[in-house]
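Asks: Okay, so here is start.txt, and as you'll see once you scroll down, it has compact mmCIF, C-alpha atoms.
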# COMPACT_ATOMS: atom_id res chain seq x y z
CA MET A 1 30.54 -13.09 30.53
CA THR A 2 32.07 -16.02 28.75
CA THR A 3 29.38 -18.57 29.44
CA SER A 4 25.64 -18.60 29.18
CA GLN A 5 25.36 -21.47 31.61
CA SER A 6 23.59 -20.76 34.85
CA SER A 7 25.95 -20.29 37.75
CA VAL A 8 23.20 -20.79 40.32
CA SER A 9 23.84 -23.15 43.19
CA PRO A 10 20.98 -24.48 45.33
CA SER A 11 22.22 -22.66 48.41
CA ILE A 12 22.56 -19.25 46.81
CA THR A 13 22.09 -16.24 49.08
CA VAL A 14 20.81 -12.72 48.53
CA ALA A 15 24.30 -11.45 49.30
CA GLU A 16 25.81 -13.56 46.51
CA ILE A 17 23.18 -12.36 44.07
CA THR A 18 23.77 -8.75 45.14
CA ALA A 19 27.50 -9.17 44.53
CA ALA A 20 26.94 -10.67 41.06
CA LEU A 21 24.36 -8.03 40.23
CA THR A 22 26.71 -5.27 41.35
CA ALA A 23 29.35 -6.54 38.94
CA ILE A 24 26.84 -6.67 36.08
CA VAL A 25 25.54 -3.17 36.82
CA ALA A 26 29.05 -1.74 37.12
CA ALA A 27 30.04 -3.25 33.79
CA GLU A 28 26.87 -2.01 32.12
CA LEU A 29 27.25 1.53 33.45
CA GLY A 30 31.00 1.58 33.02
CA VAL A 31 31.65 2.52 36.67
CA ASP A 32 33.69 1.05 39.50
CA PRO A 33 31.82 -1.72 41.39
CA SER A 34 32.70 -0.04 44.70
CA SER A 35 30.47 2.87 43.72
CA ILE A 36 27.42 0.59 43.48
CA ARG A 37 25.55 -0.08 46.73
CA PRO A 38 22.37 -2.06 47.46
CA ASP A 39 20.38 1.16 47.72
CA THR A 40 21.79 2.53 44.46
CA ASP A 41 18.77 3.57 42.42
CA LEU A 42 19.55 2.35 38.92
CA ARG A 43 16.99 4.55 37.26
CA ALA A 44 18.38 7.65 38.98
CA GLU A 45 22.05 6.79 38.43
CA GLN A 46 23.91 9.03 36.03
CA GLY A 47 24.49 7.13 32.84
CA ALA A 48 21.70 4.68 33.62
CA ASP A 49 18.83 5.03 31.26
CA SER A 50 15.99 2.66 30.50
CA VAL A 51 18.11 0.94 27.85
CA LYS A 52 20.91 0.15 30.29
CA VAL A 53 18.48 -1.02 32.94
CA LEU A 54 16.89 -3.38 30.39
CA ARG A 55 20.30 -4.67 29.32
CA THR A 56 21.12 -5.32 32.97
CA ILE A 57 17.85 -7.18 33.50
CA ALA A 58 18.43 -9.24 30.35
CA LYS A 59 21.90 -10.25 31.55
CA VAL A 60 20.51 -11.19 34.95
CA GLU A 61 17.78 -13.30 33.35
CA ARG A 62 20.34 -15.11 31.21
CA GLU A 63 22.81 -15.54 34.07
CA TYR A 64 20.24 -17.09 36.41
CA ASP A 65 18.12 -18.67 33.69
CA ILE A 66 14.97 -16.98 34.95
CA GLU A 67 12.19 -14.85 33.51
CA LEU A 68 11.09 -11.95 35.67
CA GLU A 69 7.58 -10.55 35.61
CA ASP A 70 6.92 -7.23 33.87
CA GLU A 71 6.16 -5.39 37.10
CA GLU A 72 9.52 -6.58 38.46
CA VAL A 73 11.39 -5.60 35.30
CA PHE A 74 9.84 -2.16 35.11
CA GLY A 75 9.19 -1.67 38.84
CA ALA A 76 12.38 -2.54 40.71
CA SER A 77 14.76 0.42 40.93
CA THR A 78 17.55 -0.33 43.35
CA VAL A 79 20.22 -3.01 43.14
CA GLY A 80 18.88 -4.46 46.40
CA GLU A 81 15.33 -4.65 45.08
CA ILE A 82 16.43 -6.41 41.92
CA ALA A 83 18.58 -8.80 43.96
CA ASN A 84 15.58 -9.68 46.12
CA VAL A 85 13.40 -10.26 43.07
CA VAL A 86 16.05 -12.51 41.55
CA TYR A 87 16.48 -14.39 44.85
CA ARG A 88 12.74 -15.03 45.16
CA THR A 89 12.50 -16.18 41.55
CA VAL A 90 15.58 -18.41 41.70
CA THR A 91 14.60 -20.10 44.95
CA ALA A 92 11.00 -20.58 43.84
CA SER A 93 11.99 -22.40 40.66
CA MET B 1 13.94 3.09 -14.77
CA THR B 2 12.31 6.33 -13.88
CA SER B 3 12.93 9.03 -11.38
CA ALA B 4 9.58 10.13 -9.97
CA THR B 5 9.17 12.90 -7.45
CA ALA B 6 12.60 14.09 -6.44
CA ALA B 7 12.81 13.90 -2.68
CA PRO B 8 15.04 16.14 -0.62
CA ALA B 9 17.36 14.38 1.80
CA THR B 10 15.26 15.36 4.78
CA GLU B 11 16.07 14.14 8.24
CA THR B 12 13.82 11.13 7.80
CA ASN B 13 16.08 9.53 5.26
CA GLN B 14 19.52 10.97 5.93
CA HIS B 15 20.63 7.68 7.44
CA TYR B 16 19.56 5.73 4.40
CA ASP B 17 21.25 8.22 2.11
CA LEU B 18 24.68 7.67 3.65
CA ASN B 19 27.44 6.20 1.52
CA PRO B 20 26.17 2.71 0.57
CA ASP B 21 29.64 1.29 1.24
CA ILE B 22 29.03 1.80 4.98
CA PHE B 23 26.13 -0.63 4.86
CA GLY B 24 28.18 -3.12 2.87
CA LEU B 25 30.47 -3.32 5.89
CA PHE B 26 27.89 -4.66 8.33
CA LEU B 27 24.86 -5.96 6.41
CA ASP B 28 24.64 -9.24 4.48
CA PRO B 29 25.79 -9.42 0.84
CA LEU B 30 22.30 -8.42 -0.37
CA ARG B 31 22.41 -5.36 1.91
CA LYS B 32 19.01 -6.14 3.33
CA TYR B 33 18.42 -3.73 6.20
CA SER B 34 15.65 -5.59 8.03
CA SER B 35 15.17 -8.78 9.99
CA GLY B 36 16.28 -12.14 8.65
CA ILE B 37 14.75 -15.48 9.64
CA TYR B 38 17.07 -17.90 11.41
CA ALA B 39 16.10 -21.55 10.97
CA THR B 40 18.80 -23.02 13.22
CA PRO B 41 21.41 -21.85 15.75
CA GLN B 42 24.03 -22.26 12.99
CA THR B 43 22.19 -20.14 10.41
CA THR B 44 24.33 -17.26 9.13
CA LEU B 45 23.19 -13.68 8.51
CA ALA B 46 23.38 -14.21 4.75
CA GLN B 47 21.31 -17.40 4.94
CA ALA B 48 18.79 -15.75 7.26
CA GLN B 49 18.22 -12.87 4.83
CA VAL B 50 17.65 -15.20 1.88
CA ALA B 51 15.25 -17.25 4.02
CA LYS B 52 13.39 -14.08 4.93
CA LEU B 53 12.98 -13.10 1.28
CA HIS B 54 11.51 -16.52 0.51
CA PHE B 55 9.22 -16.04 3.51
CA VAL B 56 7.99 -12.71 2.12
CA ALA B 57 7.47 -14.34 -1.29
CA ASP B 58 5.39 -17.03 0.40
CA ARG B 59 3.30 -14.53 2.34
CA LEU B 60 2.69 -12.53 -0.85
CA GLN B 61 2.11 -15.75 -2.84
CA VAL B 62 4.52 -14.50 -5.50
CA THR B 63 4.32 -16.36 -8.79
CA GLU B 64 6.29 -15.97 -12.01
CA GLY B 65 5.53 -12.65 -13.62
CA ALA B 66 3.83 -11.23 -10.52
CA ARG B 67 3.70 -7.45 -10.34
CA LEU B 68 5.19 -6.33 -7.04
CA LEU B 69 5.73 -2.97 -5.37
CA ASP B 70 8.34 -2.74 -2.60
CA VAL B 71 7.88 0.44 -0.60
CA GLY B 72 11.06 1.60 1.12
CA CYS B 73 13.19 -0.65 -1.05
CA GLY B 74 16.54 0.21 0.55
CA TRP B 75 19.44 -1.08 -1.51
CA GLY B 76 17.14 -3.29 -3.53
CA SER B 77 17.58 -6.68 -1.87
CA LEU B 78 13.92 -7.65 -2.23
CA VAL B 79 13.48 -6.01 -5.63
CA LEU B 80 16.47 -7.80 -7.16
CA PHE B 81 15.70 -11.11 -5.43
CA MET B 82 12.07 -11.27 -6.56
CA ALA B 83 13.00 -10.28 -10.11
CA ARG B 84 15.81 -12.83 -10.30
CA ASP B 85 14.55 -15.81 -8.27
CA TYR B 86 10.81 -15.48 -8.92
CA GLN B 87 10.87 -13.76 -12.33
CA ALA B 88 8.58 -11.12 -10.84
CA ARG B 89 8.16 -7.64 -12.30
CA VAL B 90 9.14 -5.40 -9.45
CA THR B 91 8.85 -1.69 -8.75
CA GLY B 92 10.85 -0.33 -5.84
CA ILE B 93 10.41 3.09 -4.30
CA SER B 94 12.57 4.96 -1.79
CA PRO B 95 13.22 8.62 -1.06
CA ALA B 96 17.00 8.09 -0.82
CA GLY B 97 18.78 9.09 -4.03
CA ARG B 98 21.96 7.18 -3.35
CA GLN B 99 19.95 3.99 -2.90
CA HIS B 100 18.46 4.63 -6.34
CA ASP B 101 21.91 4.99 -7.86
CA TYR B 102 23.15 1.83 -6.14
CA ILE B 103 20.21 -0.30 -7.28
CA THR B 104 20.43 1.07 -10.82
CA GLN B 105 23.99 -0.18 -11.00
CA ARG B 106 23.07 -3.60 -9.57
CA VAL B 107 20.16 -3.97 -11.99
CA ALA B 108 22.48 -3.28 -14.90
CA GLU B 109 25.07 -5.75 -13.60
CA GLU B 110 22.47 -8.49 -13.29
CA GLY B 111 20.69 -7.69 -16.55
CA LEU B 112 17.33 -7.27 -14.83
CA GLY B 113 16.41 -3.97 -16.45
CA ASP B 114 13.33 -5.38 -18.16
CA ARG B 115 11.79 -6.53 -14.88
CA VAL B 116 12.88 -3.85 -12.39
CA ARG B 117 11.84 -0.24 -12.07
CA ILE B 118 13.07 2.06 -9.32
CA LEU B 119 11.30 5.26 -8.30
CA THR B 120 12.87 7.94 -6.15
CA GLY B 121 10.40 9.70 -3.89
CA TYR B 122 7.85 9.19 -1.16
CA PHE B 123 5.34 6.37 -1.64
CA GLU B 124 2.54 8.52 -0.28
CA ASP B 125 3.07 11.08 -3.09
CA ALA B 126 4.06 8.76 -5.96
CA PRO B 127 2.14 9.79 -9.10
CA ILE B 128 -0.68 7.57 -10.29
CA ASP B 129 0.87 6.98 -13.71
CA GLU B 130 3.92 5.49 -11.98
CA VAL B 131 1.97 3.32 -9.54
CA PRO B 132 -1.44 2.68 -11.12
CA PRO B 133 -4.43 1.70 -8.94
CA GLY B 134 -5.06 -2.03 -9.14
CA GLY B 135 -1.76 -2.49 -10.92
CA PHE B 136 -0.04 -4.81 -8.46
CA ASP B 137 -0.38 -8.36 -7.21
CA GLY B 138 1.62 -7.67 -4.07
CA VAL B 139 2.80 -4.68 -2.04
CA SER B 140 5.51 -5.00 0.60
CA MET B 141 6.77 -2.66 3.31
CA LEU B 142 9.69 -4.04 5.30
CA GLY B 143 10.49 -1.63 8.09
CA SER B 144 9.30 1.42 6.19
CA ILE B 145 5.80 2.22 7.48
CA VAL B 146 7.45 3.23 10.77
CA HIS B 147 8.61 6.35 8.91
CA MET B 148 5.22 7.24 7.43
CA PRO B 149 3.32 9.73 9.59
CA ASP B 150 -0.10 9.05 8.06
CA LEU B 151 -0.67 5.35 8.69
CA GLY B 152 -4.24 5.37 7.39
CA HIS B 153 -3.26 7.02 4.13
CA ALA B 154 -0.30 4.67 3.60
CA MET B 155 -2.44 1.56 4.05
CA SER B 156 -5.34 2.91 1.99
CA ARG B 157 -2.95 3.71 -0.82
CA ALA B 158 -1.35 0.27 -0.61
CA ARG B 159 -4.78 -1.33 -0.87
CA SER B 160 -5.79 0.86 -3.80
CA LEU B 161 -2.73 -0.26 -5.75
CA LEU B 162 -3.59 -3.96 -5.38
CA ARG B 163 -5.81 -5.99 -7.66
CA ARG B 164 -8.68 -7.82 -6.03
CA GLY B 165 -7.14 -10.80 -4.23
CA GLY B 166 -3.74 -9.10 -4.04
CA ARG B 167 -1.68 -9.27 -0.87
CA TYR B 168 -0.02 -6.71 1.36
CA TYR B 169 2.96 -7.59 3.56
CA VAL B 170 4.24 -5.27 6.25
CA SER B 171 6.89 -6.15 8.82
CA GLU B 172 7.59 -3.59 11.46
CA SER B 173 9.10 -2.93 14.85
CA CYS B 174 6.36 -2.16 17.33
CA PHE B 175 6.03 -1.17 20.94
CA ARG B 176 4.50 -4.22 22.57
CA ASN B 177 1.40 -2.33 23.64
CA ALA B 178 0.03 1.18 23.98
CA ALA B 179 1.14 1.59 27.59
CA THR B 180 4.74 0.68 26.77
CA ARG B 181 4.69 3.11 23.88
CA ALA B 182 3.42 5.92 26.11
CA LYS B 183 6.18 5.24 28.63
CA PHE B 184 9.18 4.61 26.41
CA ASP B 185 8.48 6.66 23.31
CA VAL B 186 10.00 9.66 25.10
CA GLY B 187 13.02 7.79 26.54
CA PRO B 188 16.65 8.70 25.87
CA GLY B 189 17.25 5.54 23.84
CA LEU B 190 14.67 6.40 21.22
CA ALA B 191 15.68 10.06 21.32
CA PHE B 192 19.21 9.02 20.31
CA VAL B 193 17.90 6.80 17.54
CA ARG B 194 15.69 9.56 16.17
CA LYS B 195 18.43 12.18 16.33
CA GLU B 196 21.33 10.13 15.03
CA ILE B 197 19.72 7.48 12.84
CA PHE B 198 16.16 7.64 11.65
CA GLY B 199 14.75 11.09 12.05
CA TRP B 200 11.02 10.65 12.38
CA GLY B 201 9.75 7.21 13.30
CA ASP B 202 6.74 5.89 15.20
CA MET B 203 6.88 2.30 16.49
CA ARG B 204 3.14 1.80 16.65
CA PRO B 205 1.85 -1.25 18.51
CA LEU B 206 0.60 -4.12 16.36
CA SER B 207 -2.96 -3.26 17.38
CA ASP B 208 -2.60 0.12 15.64
CA LEU B 209 -1.35 -1.57 12.46
CA VAL B 210 -4.19 -4.10 12.48
CA GLU B 211 -6.76 -1.38 13.13
CA ALA B 212 -5.42 0.72 10.26
CA ALA B 213 -5.36 -2.32 7.94
CA GLU B 214 -8.97 -3.13 8.75
CA ASP B 215 -10.01 0.50 8.40
CA ALA B 216 -8.34 0.57 4.98
CA GLY B 217 -10.49 -2.39 3.94
CA PHE B 218 -7.96 -5.22 4.21
CA SER B 219 -8.58 -8.71 5.54
CA VAL B 220 -5.85 -9.96 7.86
CA VAL B 221 -4.24 -13.20 6.64
CA SER B 222 -1.55 -13.81 9.26
CA VAL B 223 0.63 -12.33 11.96
CA ASP B 224 4.12 -13.71 12.55
CA ASP B 225 6.33 -12.87 15.53
CA LEU B 226 9.87 -12.24 14.24
CA THR B 227 11.20 -10.63 17.43
CA ASN B 228 13.81 -13.27 18.19
CA ASP B 229 14.92 -13.29 14.55
CA TYR B 230 15.48 -9.54 14.60
CA TRP B 231 17.45 -9.87 17.83
CA ARG B 232 19.80 -12.34 16.14
CA THR B 233 19.97 -10.21 13.00
CA ILE B 234 21.07 -7.19 15.02
CA GLU B 235 23.56 -9.27 17.01
CA ASP B 236 25.14 -10.19 13.68
CA TRP B 237 25.10 -6.59 12.40
CA HIS B 238 26.58 -5.38 15.70
CA ALA B 239 29.41 -7.91 15.50
CA ASN B 240 30.12 -6.76 11.94
CA VAL B 241 30.14 -3.09 12.97
CA LEU B 242 32.67 -3.83 15.70
CA ALA B 243 34.81 -5.98 13.39
CA ASN B 244 34.79 -3.34 10.63
CA ALA B 245 34.76 -0.22 12.80
CA ASP B 246 37.97 1.19 11.32
CA ALA B 247 36.73 0.80 7.76
CA ILE B 248 33.35 2.35 8.64
CA ASP B 249 35.01 5.31 10.36
CA ALA B 250 37.31 5.75 7.37
CA ILE B 251 34.22 6.42 5.24
CA GLN B 252 32.43 8.51 7.86
CA PRO B 253 34.36 9.36 11.06
CA GLY B 254 32.45 8.44 14.22
CA MET B 255 29.81 6.39 12.41
CA ALA B 256 30.87 3.02 13.87
CA ALA B 257 30.16 4.16 17.43
CA ILE B 258 26.81 5.66 16.43
CA LEU B 259 25.79 2.46 14.65
CA ALA B 260 26.95 0.28 17.55
CA ASN B 261 25.00 2.37 20.04
CA TYR B 262 21.89 2.27 17.87
CA LEU B 263 22.06 -1.49 17.49
CA GLU B 264 22.63 -1.98 21.24
CA ILE B 265 19.61 0.20 22.04
CA ALA B 266 17.48 -1.70 19.55
CA ASN B 267 18.46 -5.09 20.92
CA ALA B 268 17.97 -4.12 24.57
CA GLY B 269 14.27 -3.63 24.04
CA TRP B 270 13.13 -6.75 22.17
CA GLY B 271 10.54 -8.61 24.18
CA TYR B 272 10.59 -6.12 27.04
CA THR B 273 9.39 -3.00 25.28
CA THR B 274 9.38 -3.85 21.59
CA LYS B 275 8.32 -6.60 19.20
CA HIS B 276 8.87 -7.22 15.52
CA TYR B 277 5.84 -8.49 13.64
CA ALA B 278 5.06 -9.50 10.08
CA LEU B 279 1.48 -8.65 9.20
CA THR B 280 0.04 -10.10 5.99
CA CYS B 281 -3.22 -8.77 4.60
CA LYS B 282 -5.37 -9.42 1.56
CA LYS B 283 -7.55 -7.21 -0.58
CA ALA B 284 -10.35 -9.72 -0.28
CA ARG B 285 -12.90 -7.44 -1.85
Could you render the structure as structure tokens?

Replies:
Amino acid sequence: MTTSQSSVSPSITVAEITAALTAIVAAELGVDPSSIRPDTDLRAEQGADSVKVLRTIAKVEREYDIELEDEEVFGASTVGEIANVVYRTVTAS
Amino acid sequence: MTSATAAPATETNQHYDLNPDIFGLFLDPLRKYSSGIYATPQTTLAQAQVAKLHFVADRLQVTEGARLLDVGCGWGSLVLFMARDYQARVTGISPAGRQHDYITQRVAEEGLGDRVRILTGYFEDAPIDEVPPGGFDGVSMLGSIVHMPDLGHAMSRARSLLRRGGRYYVSESCFRNAATRAKFDVGPGLAFVRKEIFGWGDMRPLSDLVEAAEDAGFSVVSVDDLTNDYWRTIEDWHANVLANADAIDAIQPGMAAILANYLEIANAGWGYTTKHYALTCKKAR
């Protein structure tokens, strides 16, 4: 990431967030983005530990300029779940 | 300068007993290995560490000639600073022998030998004739109580060394509450840090520190949240490790990657799982 500015547009979709999240997760885990799917369980993924999950969440919060609730940070496990949480938070703000 | 109880380089202090030159390659010029305080977005690491030392002096209400004890004194940043800038009479204690040697050299270079005394050993076991009860106006522990297994004893001893009205400053990294500690204390991130960096360490929640301070007889003066400052401090250290990785590895092969991983783990948790607090207490009676 070269900018900390939010890249959120008013008409953002869950699919767009999922795509952005997939790229972040792939970079964080050091794997190919094609190996990440919406039902990929981050906490079960090899190489994903709590530290990497937190780093992913932190990047997502910065990227979308949002603050997720604790239960979302520590509760969501799959890429799809996190994308939905981000979508709800972004569109509610 | 005296060498008190000789401490073996046990796993708890191996990291701190590494070649001091390694730390010169990523810390600030004072080699202060704890959080700075960043006043502005432009504040540098070096400025932040000096600001932090003034902050500690303020919390301890350091005056000229004050008798201070810095527990876990590292490479002497606080000891030398308080002796030089506040004309305080400072005792530092650390179990790491190479830190002792480094500070001894710095003290000689700066001509502070009449105001600085460095003890090598564990604070908990330091002999009474070296650290007399009631003999200090201020006691500081910057990131060191995390390595002391007996919290109650450490705080009771700190209080016993203070005169009436003396102050005790402790800044420490803490799990943000007991539940977070129970969940993440056994995680792979902390396991790596314990194995490769610190040895034994217990990031007790602030509530544990406050409880122990009260049980020891202290009054609490203030609590400051330095979490964001430590995040920036570690960002700066991390950037320095990456920039000087070759030089670090030349001193100790593989150390740059270990340090970088440690600093990344530390900075992932701030706010989510961990906090960094400064707790100031007073021996009110």

Asks: If the cut-off is 12 Å, can you tell me the residues of chain B near chain A, counting all atoms listed in the file? I'd like them as a list in words.

Replies: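 On the chain B side, the interface is Arg176, Thr180, Lys183, Phe184, Asp185, Val186, Gly187, Pro188, Gly189, Leu190, Ala191, Phe192, Val193, Asn261, Tyr262, Leu263, Glu264, Ile265, Ala266, Asn267, Ala268, Gly269, Trp270, Gly271, Tyr272, Thr273 and Thr274 of chain B.
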
Asks: Which one of A:Leu42, A:Ile24, A:Ala48, A:Asp32 sits closest to A:Arg62 if you count all atoms listed in the file?

Replies: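 So, comparing all the options, the nearest one is A:Ile24.
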
Asks: Can you pull out the residues contacting B:Phe23? Cut-off 10 Å, using all atoms listed in the file, and skip same-chain residues under 4 positions away; I want them as a ChimeraX atom specification.

Replies: /B:16,18-19,27-29,31-33,75,237,241,248

Asks: Based on the selection just made, write C-alpha atoms of those residues as a PDB file, keeping the file's coordinate frame.

Replies:
ATOM      1  CA  TYR B  16      19.560   5.730   4.400  1.00  0.00           C
ATOM      2  CA  LEU B  18      24.680   7.670   3.650  1.00  0.00           C
ATOM      3  CA  ASN B  19      27.440   6.200   1.520  1.00  0.00           C
ATOM      4  CA  LEU B  27      24.860  -5.960   6.410  1.00  0.00           C
ATOM      5  CA  ASP B  28      24.640  -9.240   4.480  1.00  0.00           C
ATOM      6  CA  PRO B  29      25.790  -9.420   0.840  1.00  0.00           C
ATOM      7  CA  ARG B  31      22.410  -5.360   1.910  1.00  0.00           C
ATOM      8  CA  LYS B  32      19.010  -6.140   3.330  1.00  0.00           C
ATOM      9  CA  TYR B  33      18.420  -3.730   6.200  1.00  0.00           C
ATOM     10  CA  TRP B  75      19.440  -1.080  -1.510  1.00  0.00           C
ATOM     11  CA  TRP B 237      25.100  -6.590  12.400  1.00  0.00           C
ATOM     12  CA  VAL B 241      30.140  -3.090  12.970  1.00  0.00           C
ATOM     13  CA  ILE B 248      33.350   2.350   8.640  1.00  0.00           C
TER      14      ILE B 248
END

Asks: Distance atom CA of B:Val146-atom CA of B:Arg98, one decimal place?

Replies: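 One can read the atom CA of B:Val146 to atom CA of B:Arg98 distance as 20.6 Å.
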
Asks: Please report the interatomic distance between atom CA of B:Cys174 and atom CA of B:Met203 in Å with one decimal.

Replies: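 It comes out at 4.6 Å.
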
Asks: From the options A:Thr89, A:Thr40, A:Thr13, A:Ser34, which residue's atoms come nearest to A:Asp65, counting only C-alpha atoms?

Replies: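 Using only C-alpha atoms, A:Asp65 sits closest to A:Thr89.
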
Asks: Work out how far apart atom CA of B:Lys275 and atom CA of A:Leu21 are and give it in Å to one decimal.

Replies: 26.5 Å

Asks: Counting all atoms listed in the file, figure out which residue out of B:Arg115, B:Arg181, B:Arg204, B:Lys195 gets nearest to B:Met148.

Replies: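 Nearest candidate to B:Met148 out of B:Arg115, B:Arg181, B:Arg204, B:Lys195: B:Arg204.
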
Asks: Residues within 12 Å of stretch 151-166 of chain B, please, as a compact mmCIF listing (two decimals) with C-alpha atoms, in the frame of the given file. Count only C-alpha atoms; anything in the same chain fewer than 6 positions from it doesn't count.

Replies:
# COMPACT_ATOMS: atom_id res chain seq x y z
CA ARG B 59 3.30 -14.53 2.34
CA LEU B 60 2.69 -12.53 -0.85
CA GLN B 61 2.11 -15.75 -2.84
CA VAL B 62 4.52 -14.50 -5.50
CA THR B 63 4.32 -16.36 -8.79
CA ALA B 66 3.83 -11.23 -10.52
CA ARG B 67 3.70 -7.45 -10.34
CA LEU B 68 5.19 -6.33 -7.04
CA LEU B 69 5.73 -2.97 -5.37
CA ASP B 70 8.34 -2.74 -2.60
CA VAL B 71 7.88 0.44 -0.60
CA TYR B 122 7.85 9.19 -1.16
CA PHE B 123 5.34 6.37 -1.64
CA GLU B 124 2.54 8.52 -0.28
CA ASP B 125 3.07 11.08 -3.09
CA ALA B 126 4.06 8.76 -5.96
CA PRO B 127 2.14 9.79 -9.10
CA ILE B 128 -0.68 7.57 -10.29
CA ASP B 129 0.87 6.98 -13.71
CA GLU B 130 3.92 5.49 -11.98
CA VAL B 131 1.97 3.32 -9.54
CA PRO B 132 -1.44 2.68 -11.12
CA PRO B 133 -4.43 1.70 -8.94
CA GLY B 134 -5.06 -2.03 -9.14
CA GLY B 135 -1.76 -2.49 -10.92
CA PHE B 136 -0.04 -4.81 -8.46
CA ASP B 137 -0.38 -8.36 -7.21
CA GLY B 138 1.62 -7.67 -4.07
CA VAL B 139 2.80 -4.68 -2.04
CA SER B 140 5.51 -5.00 0.60
CA MET B 141 6.77 -2.66 3.31
CA SER B 144 9.30 1.42 6.19
CA ILE B 145 5.80 2.22 7.48
CA GLY B 201 9.75 7.21 13.30
CA ASP B 202 6.74 5.89 15.20
CA MET B 203 6.88 2.30 16.49
CA ARG B 204 3.14 1.80 16.65
CA ASP B 208 -2.60 0.12 15.64
CA LEU B 209 -1.35 -1.57 12.46
CA VAL B 210 -4.19 -4.10 12.48
CA GLU B 211 -6.76 -1.38 13.13
CA ALA B 212 -5.42 0.72 10.26
CA ALA B 213 -5.36 -2.32 7.94
CA GLU B 214 -8.97 -3.13 8.75
CA ASP B 215 -10.01 0.50 8.40
CA ALA B 216 -8.34 0.57 4.98
CA GLY B 217 -10.49 -2.39 3.94
CA PHE B 218 -7.96 -5.22 4.21
CA SER B 219 -8.58 -8.71 5.54
CA VAL B 221 -4.24 -13.20 6.64
CA THR B 280 0.04 -10.10 5.99
CA CYS B 281 -3.22 -8.77 4.60
CA LYS B 282 -5.37 -9.42 1.56
CA LYS B 283 -7.55 -7.21 -0.58
CA ALA B 284 -10.35 -9.72 -0.28
CA ARG B 285 -12.90 -7.44 -1.85

Asks: Just want the 8 Å neighbourhood of A:Asp41, counted on all atoms listed in the file, with same-chain residues fewer than 4 positions away dropped. Output as a PyMOL selection string.

Replies: chain A and resi 45+77-79

Asks: From the list A:Gly47, A:Gly80, A:Ile12, A:Glu72, which residue is nearest A:Ala26 when using all atoms listed in the file?

Replies: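 That would be A:Gly47, the residue with the smallest distance to A:Ala26.
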